[in-house]
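Structure record follows, encoded as structure tokens.
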Amino acid sequence: MRKIAVLLVLTMVFGSLAGCLEGEDDDSSLVGDWYMADELIVVLKENGTWTSGDGDDNGTWSVDGDMISITSDDSVEEIPPAQFTVDDGWFWMLIESDDDKMCIGYSPNSMTQEEWDEKMNTITFPSLCDGAQTAAQN
């Protein structure tokens with residue numbers, strides 16, 4: 001149960017990072033602000049640290065191939081690495097637990113809830129999300 005709670009926190013903090021880099025040479029495309037609709041979810045910094053959008057949590061992040069590792073300064077439990085991709089400017093993350101797969105998407109830009117809903121109805125999800133529940137809707 002605690003493992004699921006940590007995954008949910010990770011999901012809330014990072015929303016959707018999934019897949020592989022698809023030709024990206026480094027993780028610089030991940031640096032920046034990531035949103036779900038008009039809510040800033042996370043800021044990934046070039047120095048390998050991150051801060052939640054509300055400033056209540058922070059930690060470190062690193063990339064190894066198509067896997068992102070995240071640590072939280074506020075969590076005593078280890079957060080398992082997640083597969084991710086950056087696709088058409090969006091950051092997608094695949095979160096897996098023992099019995100569930102969730103693909104979460106983040107936009108580099110803030111948008112109204114109406115714009116977000118329209119985008120979620122028309123976006124082509126990356127192959128990383130195949131077979132997973134999507135959580136790109138706010």
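Scheme for the structure tokens: letters A, B, ... for chains in order shown; per-chain residue numbers from 1; ligand numbers from 1 in order shown.
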
Non-local contacts of A:Pro81 (7 Å; only C-alpha atoms; under 4 positions in same chain excluded) as a PDB file with N, CA and C atoms, in the first residue's frame:
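around07.pdb was written with the following content:
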ATOM      1  N   MET A  67      15.245   5.913 -19.019  1.00  0.00           N
ATOM      2  CA  MET A  67      14.747   5.804 -17.645  1.00  0.00           C
ATOM      3  C   MET A  67      15.098   7.076 -16.873  1.00  0.00           C
ATOM      4  N   ILE A  68      14.134   7.558 -16.104  1.00  0.00           N
ATOM      5  CA  ILE A  68      14.374   8.705 -15.243  1.00  0.00           C
ATOM      6  C   ILE A  68      14.311   8.227 -13.795  1.00  0.00           C
ATOM      7  N   SER A  69      15.275   8.642 -13.021  1.00  0.00           N
ATOM      8  CA  SER A  69      15.312   8.331 -11.593  1.00  0.00           C
ATOM      9  C   SER A  69      15.043   9.612 -10.826  1.00  0.00           C
ATOM     10  N   ILE A  70      14.178   9.495  -9.838  1.00  0.00           N
ATOM     11  CA  ILE A  70      13.740  10.651  -9.077  1.00  0.00           C
ATOM     12  C   ILE A  70      13.885  10.340  -7.602  1.00  0.00           C
TER      13      ILE A  70
END

Next item on the list: Tell me which protein, DNA and RNA residues are within 10 Å of A:Glu114, counting only C-alpha atoms, leaving out same-chain ones fewer than 5 positions away, and put them as a VMD selection string.
Entry: chain A and resid 37 119 to 120

Saved selection, atoms kept: C-alpha atoms, as a PDB file, in the first residue's frame:
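Writing the result to again.pdb gives the following:
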ATOM      1  CA  ALA A  37      -3.558  22.463 -17.815  1.00  0.00           C
ATOM      2  CA  LYS A 119      -5.628  18.714 -26.537  1.00  0.00           C
ATOM      3  CA  MET A 120      -6.252  15.458 -24.648  1.00  0.00           C
TER       4      MET A 120
END

Margin query: If you run DSSP on the backbone here, which positions in stretch 9-119 of chain A get strand (DSSP E or B)? Please write them as a VMD selection string.
Written below: chain A and resid 32 to 36 39 to 44 49 to 52 58 to 64 67 to 72 82 to 87 90 to 96 101 to 107

Would you save the residues of that selection, restricted to C-alpha atoms, as a short mmCIF file (atom, residue, chain, number, x, y, z; two decimals), in the first residue's frame?
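The resulting file, out27.cif, is shown below:
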data_model
loop_
_atom_site.label_atom_id
_atom_site.label_comp_id
_atom_site.auth_asym_id
_atom_site.auth_seq_id
_atom_site.Cartn_x
_atom_site.Cartn_y
_atom_site.Cartn_z
CA GLY A 32 12.03 23.44 -17.57
CA ASP A 33 8.51 23.88 -16.25
CA TRP A 34 5.95 21.09 -16.77
CA TYR A 35 2.20 21.68 -16.56
CA MET A 36 -1.11 19.87 -16.45
CA GLU A 39 -1.21 23.97 -12.93
CA LEU A 40 2.57 23.96 -12.69
CA ILE A 41 3.39 20.41 -11.59
CA VAL A 42 7.18 20.34 -11.51
CA VAL A 43 10.26 22.36 -12.41
CA LEU A 44 13.19 20.22 -13.59
CA THR A 49 17.29 19.05 -8.95
CA TRP A 50 13.53 19.49 -9.11
CA THR A 51 10.89 21.41 -7.21
CA SER A 52 7.16 20.73 -7.15
CA ASN A 58 11.95 18.83 -3.99
CA GLY A 59 14.72 16.40 -4.73
CA THR A 60 17.00 15.22 -7.51
CA TRP A 61 16.51 13.66 -10.93
CA SER A 62 18.77 11.92 -13.42
CA VAL A 63 18.42 10.09 -16.72
CA ASP A 64 19.97 6.83 -17.88
CA MET A 67 14.75 5.80 -17.65
CA ILE A 68 14.37 8.71 -15.24
CA SER A 69 15.31 8.33 -11.59
CA ILE A 70 13.74 10.65 -9.08
CA THR A 71 14.49 11.15 -5.41
CA SER A 72 12.39 13.19 -3.04
CA ALA A 82 10.32 5.23 -14.66
CA GLN A 83 10.47 4.96 -18.41
CA PHE A 84 9.94 8.28 -20.21
CA THR A 85 9.95 10.08 -23.52
CA VAL A 86 9.71 13.60 -24.84
CA ASP A 87 7.32 13.55 -27.76
CA TRP A 90 5.53 16.94 -24.21
CA PHE A 91 7.10 14.98 -21.35
CA TRP A 92 5.58 11.50 -20.87
CA MET A 93 6.30 9.07 -18.05
CA LEU A 94 5.20 5.47 -17.60
CA ILE A 95 4.55 4.55 -13.96
CA GLU A 96 4.26 0.83 -13.27
CA LYS A 101 0.48 0.85 -15.71
CA MET A 102 -0.19 4.58 -15.96
CA CYS A 103 1.13 6.95 -18.60
CA ILE A 104 1.24 10.59 -17.57
CA GLY A 105 1.73 13.57 -19.87
CA TYR A 106 3.02 17.06 -19.11
CA SER A 107 2.95 20.12 -21.29
#

Next item on the list: Take atom CA of A:Ser110 and atom CA of A:Asp38 and report the distance between them in Å, one decimal.
Entry: 4.6 Å

Next item on the list: Compare A:Ile79, A:Ile123, A:Val31, A:Ala132 by their minimum atom-to-atom distance to A:Asp99, counting only C-alpha atoms, and give me the closest one.
Entry: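 Counting only C-alpha atoms, the residue closest to A:Asp99 is A:Ala132.
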
Check: Closest to A:Ser29 among A:Gly89, A:Pro80, A:Asp74, A:Asp56, using only C-alpha atoms?
Finding: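 Smallest distance to A:Ser29 is found for A:Gly89.
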
DSSP on the backbone, then: every residue of stretch 24-128 of chain A marked alpha helix (DSSP H), written as a PDB file with C-alpha atoms, in the first residue's frame.
ATOM      1  CA  GLN A 113      -8.662  23.676 -18.724  1.00  0.00           C
ATOM      2  CA  GLU A 114     -10.724  23.897 -21.924  1.00  0.00           C
ATOM      3  CA  GLU A 115      -7.571  23.974 -24.072  1.00  0.00           C
ATOM      4  CA  TRP A 116      -6.154  21.045 -22.080  1.00  0.00           C
ATOM      5  CA  ASP A 117      -9.314  18.980 -22.544  1.00  0.00           C
ATOM      6  CA  GLU A 118      -9.312  19.683 -26.289  1.00  0.00           C
ATOM      7  CA  LYS A 119      -5.628  18.714 -26.537  1.00  0.00           C
ATOM      8  CA  MET A 120      -6.252  15.458 -24.648  1.00  0.00           C
ATOM      9  CA  ASN A 121      -9.046  14.599 -27.071  1.00  0.00           C
ATOM     10  CA  THR A 122      -6.866  15.173 -30.144  1.00  0.00           C
TER      11      THR A 122
END
